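Raw contents of protein_18.cif, mmCIF, C-alpha atoms:
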```cif
data_upload
loop_
_atom_site.group_PDB
_atom_site.id
_atom_site.type_symbol
_atom_site.label_atom_id
_atom_site.label_comp_id
_atom_site.auth_asym_id
_atom_site.auth_seq_id
_atom_site.Cartn_x
_atom_site.Cartn_y
_atom_site.Cartn_z
ATOM 1 C CA MET A 638 -61.763 -12.613 71.194
ATOM 2 C CA GLY A 639 -61.771 -15.230 68.435
ATOM 3 C CA HIS A 640 -59.484 -13.506 65.967
ATOM 4 C CA LEU A 641 -58.720 -16.692 64.070
ATOM 5 C CA ALA A 642 -62.394 -17.675 63.906
ATOM 6 C CA ALA A 643 -63.323 -14.189 62.673
ATOM 7 C CA TRP A 644 -60.535 -14.360 60.108
ATOM 8 C CA LYS A 645 -61.917 -17.680 58.819
ATOM 9 C CA VAL A 646 -65.432 -16.223 58.477
ATOM 10 C CA LEU A 647 -64.106 -13.243 56.521
ATOM 11 C CA GLU A 648 -62.084 -15.592 54.325
ATOM 12 C CA GLN A 649 -65.244 -17.611 53.631
ATOM 13 C CA MET A 650 -67.110 -14.425 52.805
ATOM 14 C CA ILE A 651 -64.430 -13.459 50.281
ATOM 15 C CA ALA A 652 -64.683 -16.916 48.734
ATOM 16 C CA ASP A 653 -68.450 -16.446 48.515
ATOM 17 C CA PHE A 654 -67.935 -13.068 46.797
ATOM 18 C CA ARG A 655 -65.626 -14.673 44.256
ATOM 19 C CA LYS A 656 -68.099 -17.484 43.556
ATOM 20 C CA LYS A 657 -70.686 -14.824 42.773
ATOM 21 C CA GLY A 658 -68.279 -13.081 40.406
ATOM 22 C CA LYS A 659 -67.449 -10.070 42.584
ATOM 23 C CA ASN A 660 -63.933 -8.661 42.640
ATOM 24 C CA ILE A 661 -62.173 -7.901 45.901
ATOM 25 C CA PRO A 662 -59.657 -5.023 45.957
ATOM 26 C CA SER A 663 -56.053 -5.998 46.603
ATOM 27 C CA GLU A 664 -55.978 -3.751 49.704
ATOM 28 C CA VAL A 665 -58.721 -5.845 51.304
ATOM 29 C CA ILE A 666 -56.913 -9.100 50.471
ATOM 30 C CA GLY A 667 -53.720 -7.540 51.835
ATOM 31 C CA ASP A 668 -55.441 -6.630 55.101
ATOM 32 C CA LEU A 669 -56.776 -10.178 55.423
ATOM 33 C CA LYS A 670 -53.292 -11.612 54.838
ATOM 34 C CA SER A 671 -51.788 -9.140 57.309
ATOM 35 C CA ALA A 672 -54.369 -10.115 59.932
ATOM 36 C CA ARG A 673 -53.464 -13.792 59.494
ATOM 37 C CA THR A 674 -49.762 -13.011 59.799
ATOM 38 C CA MET A 675 -50.353 -11.026 62.981
ATOM 39 C CA ILE A 676 -52.498 -13.855 64.398
ATOM 40 C CA ARG A 677 -49.615 -16.275 63.785
ATOM 41 C CA ILE A 678 -47.206 -13.881 65.479
ATOM 42 C CA ALA A 679 -49.530 -13.649 68.484
ATOM 43 C CA GLU A 680 -49.780 -17.464 68.601
ATOM 44 C CA ALA A 681 -45.994 -17.628 68.658
ATOM 45 C CA GLY A 682 -46.019 -15.716 71.925
ATOM 46 C CA ALA A 683 -45.219 -12.150 70.906
ATOM 47 C CA SER A 684 -46.325 -9.249 73.078
ATOM 48 C CA HIS A 685 -50.102 -9.088 72.777
ATOM 49 C CA ALA A 686 -50.426 -5.462 73.814
ATOM 50 C CA GLU A 687 -49.266 -4.178 70.452
ATOM 51 C CA ILE A 688 -50.419 -7.023 68.208
ATOM 52 C CA TYR A 689 -54.108 -7.397 69.115
ATOM 53 C CA PRO A 690 -55.073 -3.819 68.171
ATOM 54 C CA ARG A 691 -53.403 -4.286 64.782
ATOM 55 C CA ILE A 692 -55.213 -7.602 64.204
ATOM 56 C CA GLU A 693 -58.517 -5.961 65.084
ATOM 57 C CA GLU A 694 -57.776 -3.037 62.766
ATOM 58 C CA TYR A 695 -57.026 -5.324 59.810
ATOM 59 C CA LEU A 696 -60.118 -7.449 60.454
ATOM 60 C CA ALA A 697 -62.305 -4.348 60.848
ATOM 61 C CA ASN A 698 -61.059 -2.973 57.504
ATOM 62 C CA VAL A 699 -61.905 -6.227 55.741
ATOM 63 C CA GLU A 700 -65.281 -6.486 57.479
ATOM 64 C CA ALA A 701 -66.239 -2.892 56.648
ATOM 65 C CA HIS A 702 -65.477 -3.317 52.964
ATOM 66 C CA LEU A 703 -67.206 -6.691 52.646
ATOM 67 C CA VAL A 704 -70.331 -5.638 54.530
ATOM 68 C CA ASN A 705 -70.649 -2.437 52.507
ATOM 69 C CA GLU A 706 -70.209 -4.201 49.166
ATOM 70 C CA ALA A 707 -72.418 -7.145 50.151
ATOM 71 C CA GLU A 708 -75.297 -4.872 51.090
ATOM 72 C CA LYS A 709 -75.070 -3.095 47.736
ATOM 73 C CA ALA A 710 -74.783 -6.286 45.712
ATOM 74 C CA PHE A 711 -76.762 -8.922 47.605
ATOM 75 C CA GLY A 712 -79.072 -7.153 50.037
ATOM 76 C CA LYS A 713 -79.574 -6.792 53.781
ATOM 77 C CA GLU A 714 -80.590 -10.415 54.430
ATOM 78 C CA TYR A 715 -77.292 -11.699 52.996
ATOM 79 C CA VAL A 716 -75.332 -9.247 55.162
ATOM 80 C CA ASP A 717 -77.306 -10.152 58.295
ATOM 81 C CA THR A 718 -76.458 -13.832 57.807
ATOM 82 C CA TRP A 719 -72.748 -13.095 57.531
ATOM 83 C CA LEU A 720 -72.761 -10.630 60.432
ATOM 84 C CA LYS A 721 -74.392 -13.269 62.624
ATOM 85 C CA ARG A 722 -71.642 -15.755 61.708
ATOM 86 C CA LEU A 723 -68.990 -13.144 62.346
ATOM 87 C CA ASN A 724 -70.505 -12.207 65.711
ATOM 88 C CA GLU A 725 -70.504 -15.870 66.785
ATOM 89 C CA ALA A 726 -66.903 -16.263 65.622
ATOM 90 C CA THR A 727 -65.654 -13.241 67.567
ATOM 91 C CA ARG A 728 -67.139 -14.644 70.778
ATOM 92 C CA LYS A 729 -65.168 -17.874 70.492
ATOM 93 C CA THR A 730 -62.155 -18.314 72.699
ATOM 94 C CA GLU A 731 -58.871 -18.867 70.948
ATOM 95 C CA THR A 732 -57.519 -22.403 70.815
ATOM 96 C CA LYS A 733 -54.126 -23.200 69.484
ATOM 97 C CA GLU A 734 -54.286 -24.777 66.072
ATOM 98 C CA GLU A 735 -52.804 -28.257 65.905
ATOM 99 C CA THR A 736 -50.039 -28.220 63.363
ATOM 100 C CA PRO A 737 -49.291 -31.197 61.143
ATOM 101 C CA PHE A 738 -45.584 -30.391 61.335
ATOM 102 C CA VAL A 739 -43.414 -32.367 63.732
ATOM 103 C CA ALA A 740 -39.803 -31.290 64.112
ATOM 104 C CA GLY A 741 -37.356 -34.020 63.162
ATOM 105 C CA VAL A 742 -39.732 -36.004 60.962
ATOM 106 C CA PRO A 743 -38.490 -36.012 57.369
ATOM 107 C CA ARG A 744 -40.734 -34.489 54.737
ATOM 108 C CA GLY A 745 -43.019 -36.992 53.075
ATOM 109 C CA GLN A 746 -43.015 -39.360 56.048
ATOM 110 C CA ARG A 747 -46.234 -40.270 57.821
ATOM 111 C CA TRP A 748 -46.353 -40.132 61.583
ATOM 112 C CA ILE A 749 -48.479 -40.814 64.622
ATOM 113 C CA ARG A 750 -48.136 -39.619 68.193
ATOM 114 C CA ILE A 751 -48.516 -42.221 70.928
ATOM 115 C CA THR A 752 -48.602 -41.793 74.683
ATOM 116 C CA PRO A 753 -47.061 -44.816 76.423
ATOM 117 C CA SER A 754 -49.279 -46.644 78.917
ATOM 118 C CA LYS A 755 -48.976 -49.428 81.475
ATOM 119 C CA GLU A 756 -49.974 -51.972 78.823
ATOM 120 C CA LEU A 757 -47.487 -50.570 76.308
ATOM 121 C CA PRO A 758 -44.534 -48.796 77.895
ATOM 122 C CA SER A 759 -42.157 -46.815 75.705
ATOM 123 C CA GLU A 760 -39.636 -49.710 75.626
ATOM 124 C CA LYS A 761 -42.242 -52.057 74.131
ATOM 125 C CA LEU A 762 -43.398 -49.369 71.675
ATOM 126 C CA SER A 763 -39.791 -48.872 70.596
ATOM 127 C CA ILE A 764 -39.391 -52.587 69.880
ATOM 128 C CA LEU A 765 -42.694 -52.748 67.980
ATOM 129 C CA ALA A 766 -41.766 -49.666 65.932
ATOM 130 C CA SER A 767 -38.403 -51.104 64.925
ATOM 131 C CA GLU A 768 -40.069 -54.412 63.974
ATOM 132 C CA ALA A 769 -42.411 -52.426 61.720
ATOM 133 C CA LYS A 770 -39.431 -50.621 60.119
ATOM 134 C CA LEU A 771 -40.454 -47.315 61.700
ATOM 135 C CA SER A 772 -38.433 -44.631 63.451
ATOM 136 C CA LEU A 773 -39.236 -43.255 66.876
ATOM 137 C CA LYS A 774 -38.689 -39.839 68.442
ATOM 138 C CA ALA A 775 -39.455 -38.875 72.060
ATOM 139 C CA GLN A 776 -41.379 -35.636 72.660
ATOM 140 C CA ASP A 777 -41.236 -33.197 75.599
ATOM 141 C CA ASP A 778 -44.706 -34.209 76.812
ATOM 142 C CA ASP A 779 -43.652 -37.883 77.278
ATOM 143 C CA SER A 780 -45.365 -38.928 74.069
ATOM 144 C CA LEU A 781 -43.602 -40.675 71.205
ATOM 145 C CA VAL A 782 -43.728 -39.821 67.524
ATOM 146 C CA ILE A 783 -43.455 -42.900 65.367
ATOM 147 C CA TYR A 784 -42.829 -42.245 61.702
ATOM 148 C CA GLY A 785 -41.948 -43.852 58.400
ATOM 149 C CA ARG A 786 -43.591 -44.959 55.175
ATOM 150 C CA GLU A 787 -47.367 -44.605 55.073
ATOM 151 C CA GLU A 788 -48.051 -48.314 54.635
ATOM 152 C CA ASP A 789 -45.723 -49.185 57.529
ATOM 153 C CA VAL A 790 -47.470 -46.680 59.829
ATOM 154 C CA LYS A 791 -50.873 -48.085 58.843
ATOM 155 C CA ALA A 792 -49.687 -51.643 59.509
ATOM 156 C CA PHE A 793 -48.301 -50.548 62.885
ATOM 157 C CA VAL A 794 -51.596 -48.921 63.904
ATOM 158 C CA LYS A 795 -53.533 -51.985 62.767
ATOM 159 C CA LYS A 796 -51.250 -54.247 64.798
ATOM 160 C CA MET A 797 -51.622 -52.026 67.852
ATOM 161 C CA THR A 798 -55.409 -52.003 67.657
ATOM 162 C CA THR A 799 -55.856 -55.714 66.912
ATOM 163 C CA ASP A 800 -53.094 -57.314 68.977
ATOM 164 C CA TYR A 801 -53.305 -55.007 71.993
ATOM 165 C CA GLY A 802 -56.940 -53.912 71.839
ATOM 166 C CA LEU A 803 -56.012 -50.240 71.870
ATOM 167 C CA LYS A 804 -58.312 -47.531 70.596
ATOM 168 C CA THR A 805 -57.121 -44.801 68.287
ATOM 169 C CA GLN A 806 -57.761 -41.149 69.040
ATOM 170 C CA LYS A 807 -58.230 -38.390 66.496
#
```
I'd like the structure from this file rewritten - as structure tokens, please.
Amino acid sequence: MGHLAAWKVLEQMIADFRKKGKNIPSEVIGDLKSARTMIRIAEAGASHAEIYPRIEEYLANVEAHLVNEAEKAFGKEYVDTWLKRLNEATRKTETKEETPFVAGVPRGQRWIRITPSKELPSEKLSILASEAKLSLKAQDDDSLVIYGREEDVKAFVKKMTTDYGLKTQK
């Protein structure tokens, strides 16, 4: 079940309510926050047997309140649109969210992750990074994190793509 996707749809619905000037009770906001916390705990690898029912309970509480209030305030068509989005979201399979945090990279530094290749082995990448005044950190998956000042990282990427004909991946 796509708990995170469902959570995002409910969050969007709350934002839509606020845009239209409707107040949301603090209990509903609390349930939404609790659901997100439980989703993060589940992503961290905690026992799913006890966490998933709690996530579903929190999400169901938020959904019930929003659907009830939306039907009163905005009509059945509005509710049907949101329920369709929510139904699609719950059918999605969970994918781990990519986090912009990399352990060991100082705050405020820009970074890129590079996988060494035959054309550019890690030794060559290390030399190029030091020439560009960048730091390098090896990762468990054999990739390298190269980090430093934003302009230095940009110059490094530009050099890699022009001099070595490499393509960037997003």
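The gap separating CA of Gly658 (chain A) from CA of Glu693 (chain A) is 27.5 Å, in Å to one decimal.
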The PyMOL selection byres ((chain A and resi 791) around 12) on the file shown: which residues, as a PDB file with C-alpha atoms, in the coordinates of the input?
```pdb
ATOM      1  CA  ARG A 747     -46.234 -40.270  57.821  1.00  0.00           C
ATOM      2  CA  TRP A 748     -46.353 -40.132  61.583  1.00  0.00           C
ATOM      3  CA  ILE A 749     -48.479 -40.814  64.622  1.00  0.00           C
ATOM      4  CA  ALA A 766     -41.766 -49.666  65.932  1.00  0.00           C
ATOM      5  CA  ALA A 769     -42.411 -52.426  61.720  1.00  0.00           C
ATOM      6  CA  LYS A 770     -39.431 -50.621  60.119  1.00  0.00           C
ATOM      7  CA  LEU A 771     -40.454 -47.315  61.700  1.00  0.00           C
ATOM      8  CA  ILE A 783     -43.455 -42.900  65.367  1.00  0.00           C
ATOM      9  CA  TYR A 784     -42.829 -42.245  61.702  1.00  0.00           C
ATOM     10  CA  GLY A 785     -41.948 -43.852  58.400  1.00  0.00           C
ATOM     11  CA  ARG A 786     -43.591 -44.959  55.175  1.00  0.00           C
ATOM     12  CA  GLU A 787     -47.367 -44.605  55.073  1.00  0.00           C
ATOM     13  CA  GLU A 788     -48.051 -48.314  54.635  1.00  0.00           C
ATOM     14  CA  ASP A 789     -45.723 -49.185  57.529  1.00  0.00           C
ATOM     15  CA  VAL A 790     -47.470 -46.680  59.829  1.00  0.00           C
ATOM     16  CA  ALA A 792     -49.687 -51.643  59.509  1.00  0.00           C
ATOM     17  CA  PHE A 793     -48.301 -50.548  62.885  1.00  0.00           C
ATOM     18  CA  VAL A 794     -51.596 -48.921  63.904  1.00  0.00           C
ATOM     19  CA  LYS A 795     -53.533 -51.985  62.767  1.00  0.00           C
ATOM     20  CA  LYS A 796     -51.250 -54.247  64.798  1.00  0.00           C
ATOM     21  CA  MET A 797     -51.622 -52.026  67.852  1.00  0.00           C
ATOM     22  CA  THR A 798     -55.409 -52.003  67.657  1.00  0.00           C
ATOM     23  CA  THR A 805     -57.121 -44.801  68.287  1.00  0.00           C
TER      24      THR A 805
END
```
Among the residues A:Ser780, A:Ser772, A:Ser763, A:Asn724, the one that comes closest to Pro743 (chain A) [using all atoms listed in the file]: A:Ser772
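Between CA of Met675 (chain A) and CA of Trp644 (chain A) lies a distance of 11.1 Å.
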Carefully work through the PyMOL selection byres ((chain A and resi 671) around 12) for this structure and note down the residues it includes, as a VMD selection string. chain A and resid 644 663 to 670 672 to 678 688 691 to 696 698 to 699
Set the distance at 12 Å and use all atoms listed in the file: which residues neighbour Thr718 (chain A) once local chain neighbours fewer than 4 positions away are removed? I'd like the list as a list in words. Val646, Met650, Val704, Ala707, Glu708, Phe711, Gly712, Lys713, Glu714, Arg722, Leu723, Asn724 and Glu725 of chain A
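Proximity to Glu680 (chain A) was assessed for A:Ala726, A:Leu757, A:Val782, A:Leu641 counting only C-alpha atoms; the smallest distance is recorded for A:Leu641.
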Just give me the gap between CA of Ala701 (chain A) and CA of Ala642 (chain A) in Å, one decimal is fine. 16.9 Å
Show me the residues close to (-37.2, -37.0, 63.6) - anything with an atom within 6 Å, counting only C-alpha atoms - and format the list as JSON, numbers by chain. {"A": [741, 742, 774]}
Go ahead and save the picked residues with C-alpha atoms, as a PDB file, in the coordinates of the input.
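Output file part23.pdb follows:
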```
ATOM      1  CA  GLY A 741     -37.356 -34.020  63.162  1.00  0.00           C
ATOM      2  CA  VAL A 742     -39.732 -36.004  60.962  1.00  0.00           C
ATOM      3  CA  LYS A 774     -38.689 -39.839  68.442  1.00  0.00           C
TER       4      LYS A 774
END
```
Could you tell me which residues the PyMOL selection byres ((chain A and resi 654) around 12) returns for this structure, as a list in words? Leu647, Glu648, Gln649, Met650, Ile651, Ala652, Asp653, Arg655, Lys656, Lys657, Gly658, Lys659, Asn660, Ile661, Pro662, His702, Leu703, Val704, Glu706, Ala707, Glu708, Ala710, Phe711, Tyr715, Val716 and Trp719 of chain A
With 6 Å of padding per side, what axis-aligned box (centre and edge lengths, Å, one decimal) covers all the listed atoms of region 763-767 of chain A? Give it as JSON.
```
{"center_x": -40.5, "center_y": -50.8, "center_z": 67.8, "size_x": 16.3, "size_y": 15.9, "size_z": 17.7}
```
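Residues with any atom within 10 Å of Gln776 (chain A), counting all atoms listed in the file and excluding same-chain neighbours fewer than 2 positions away, are A:Val739, A:Ala740, A:Arg750, A:Ile751, A:Thr752, A:Leu773, A:Lys774, A:Asp778, A:Asp779, A:Ser780, A:Leu781, A:Val782.
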Could you please fill out region 683-709 of chain A with N, CA and C atoms and send it back as a tab-separated table (two decimals), in the frame of the given file?
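Output (out24.tsv):
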```
chain	number	residue	atom	x	y	z
A	683	ALA	N	-45.68	-13.54	70.90
A	683	ALA	CA	-45.22	-12.15	70.91
A	683	ALA	C	-46.08	-11.32	71.86
A	684	SER	N	-45.61	-10.14	72.17
A	684	SER	CA	-46.32	-9.25	73.08
A	684	SER	C	-47.70	-8.92	72.52
A	685	HIS	N	-48.74	-9.26	73.25
A	685	HIS	CA	-50.10	-9.09	72.78
A	685	HIS	C	-50.57	-7.64	72.82
A	686	ALA	N	-49.97	-6.84	73.64
A	686	ALA	CA	-50.43	-5.46	73.81
A	686	ALA	C	-50.38	-4.67	72.50
A	687	GLU	N	-49.39	-4.92	71.70
A	687	GLU	CA	-49.27	-4.18	70.45
A	687	GLU	C	-49.83	-4.93	69.25
A	688	ILE	N	-49.97	-6.23	69.35
A	688	ILE	CA	-50.42	-7.02	68.21
A	688	ILE	C	-51.93	-7.06	68.08
A	689	TYR	N	-52.65	-7.26	69.19
A	689	TYR	CA	-54.11	-7.40	69.11
A	689	TYR	C	-54.81	-6.18	68.50
A	690	PRO	N	-54.42	-4.96	68.83
A	690	PRO	CA	-55.07	-3.82	68.17
A	690	PRO	C	-54.85	-3.81	66.66
A	691	ARG	N	-53.67	-4.25	66.22
A	691	ARG	CA	-53.40	-4.29	64.78
A	691	ARG	C	-54.24	-5.37	64.10
A	692	ILE	N	-54.38	-6.53	64.76
A	692	ILE	CA	-55.21	-7.60	64.20
A	692	ILE	C	-56.64	-7.09	64.05
A	693	GLU	N	-57.15	-6.46	65.11
A	693	GLU	CA	-58.52	-5.96	65.08
A	693	GLU	C	-58.71	-4.89	64.01
A	694	GLU	N	-57.70	-4.06	63.80
A	694	GLU	CA	-57.78	-3.04	62.77
A	694	GLU	C	-57.86	-3.67	61.37
A	695	TYR	N	-57.00	-4.65	61.11
A	695	TYR	CA	-57.03	-5.32	59.81
A	695	TYR	C	-58.37	-6.01	59.58
A	696	LEU	N	-58.85	-6.74	60.59
A	696	LEU	CA	-60.12	-7.45	60.45
A	696	LEU	C	-61.28	-6.47	60.26
A	697	ALA	N	-61.24	-5.36	60.98
A	697	ALA	CA	-62.30	-4.35	60.85
A	697	ALA	C	-62.32	-3.74	59.44
A	698	ASN	N	-61.14	-3.50	58.87
A	698	ASN	CA	-61.06	-2.97	57.50
A	698	ASN	C	-61.70	-3.94	56.50
A	699	VAL	N	-61.36	-5.22	56.65
A	699	VAL	CA	-61.90	-6.23	55.74
A	699	VAL	C	-63.42	-6.32	55.92
A	700	GLU	N	-63.85	-6.39	57.18
A	700	GLU	CA	-65.28	-6.49	57.48
A	700	GLU	C	-66.05	-5.30	56.91
A	701	ALA	N	-65.54	-4.09	57.12
A	701	ALA	CA	-66.24	-2.89	56.65
A	701	ALA	C	-66.43	-2.92	55.13
A	702	HIS	N	-65.37	-3.27	54.43
A	702	HIS	CA	-65.48	-3.32	52.96
A	702	HIS	C	-66.48	-4.39	52.52
A	703	LEU	N	-66.34	-5.59	53.08
A	703	LEU	CA	-67.21	-6.69	52.65
A	703	LEU	C	-68.67	-6.43	52.97
A	704	VAL	N	-68.94	-5.91	54.15
A	704	VAL	CA	-70.33	-5.64	54.53
A	704	VAL	C	-70.93	-4.57	53.62
A	705	ASN	N	-70.18	-3.52	53.37
A	705	ASN	CA	-70.65	-2.44	52.51
A	705	ASN	C	-70.96	-2.95	51.10
A	706	GLU	N	-70.03	-3.69	50.53
A	706	GLU	CA	-70.21	-4.20	49.17
A	706	GLU	C	-71.30	-5.26	49.11
A	707	ALA	N	-71.40	-6.09	50.13
A	707	ALA	CA	-72.42	-7.14	50.15
A	707	ALA	C	-73.82	-6.55	50.21
A	708	GLU	N	-73.97	-5.50	50.98
A	708	GLU	CA	-75.30	-4.87	51.09
A	708	GLU	C	-75.72	-4.27	49.75
A	709	LYS	N	-74.76	-3.66	49.05
A	709	LYS	CA	-75.07	-3.10	47.74
A	709	LYS	C	-75.43	-4.19	46.73
```
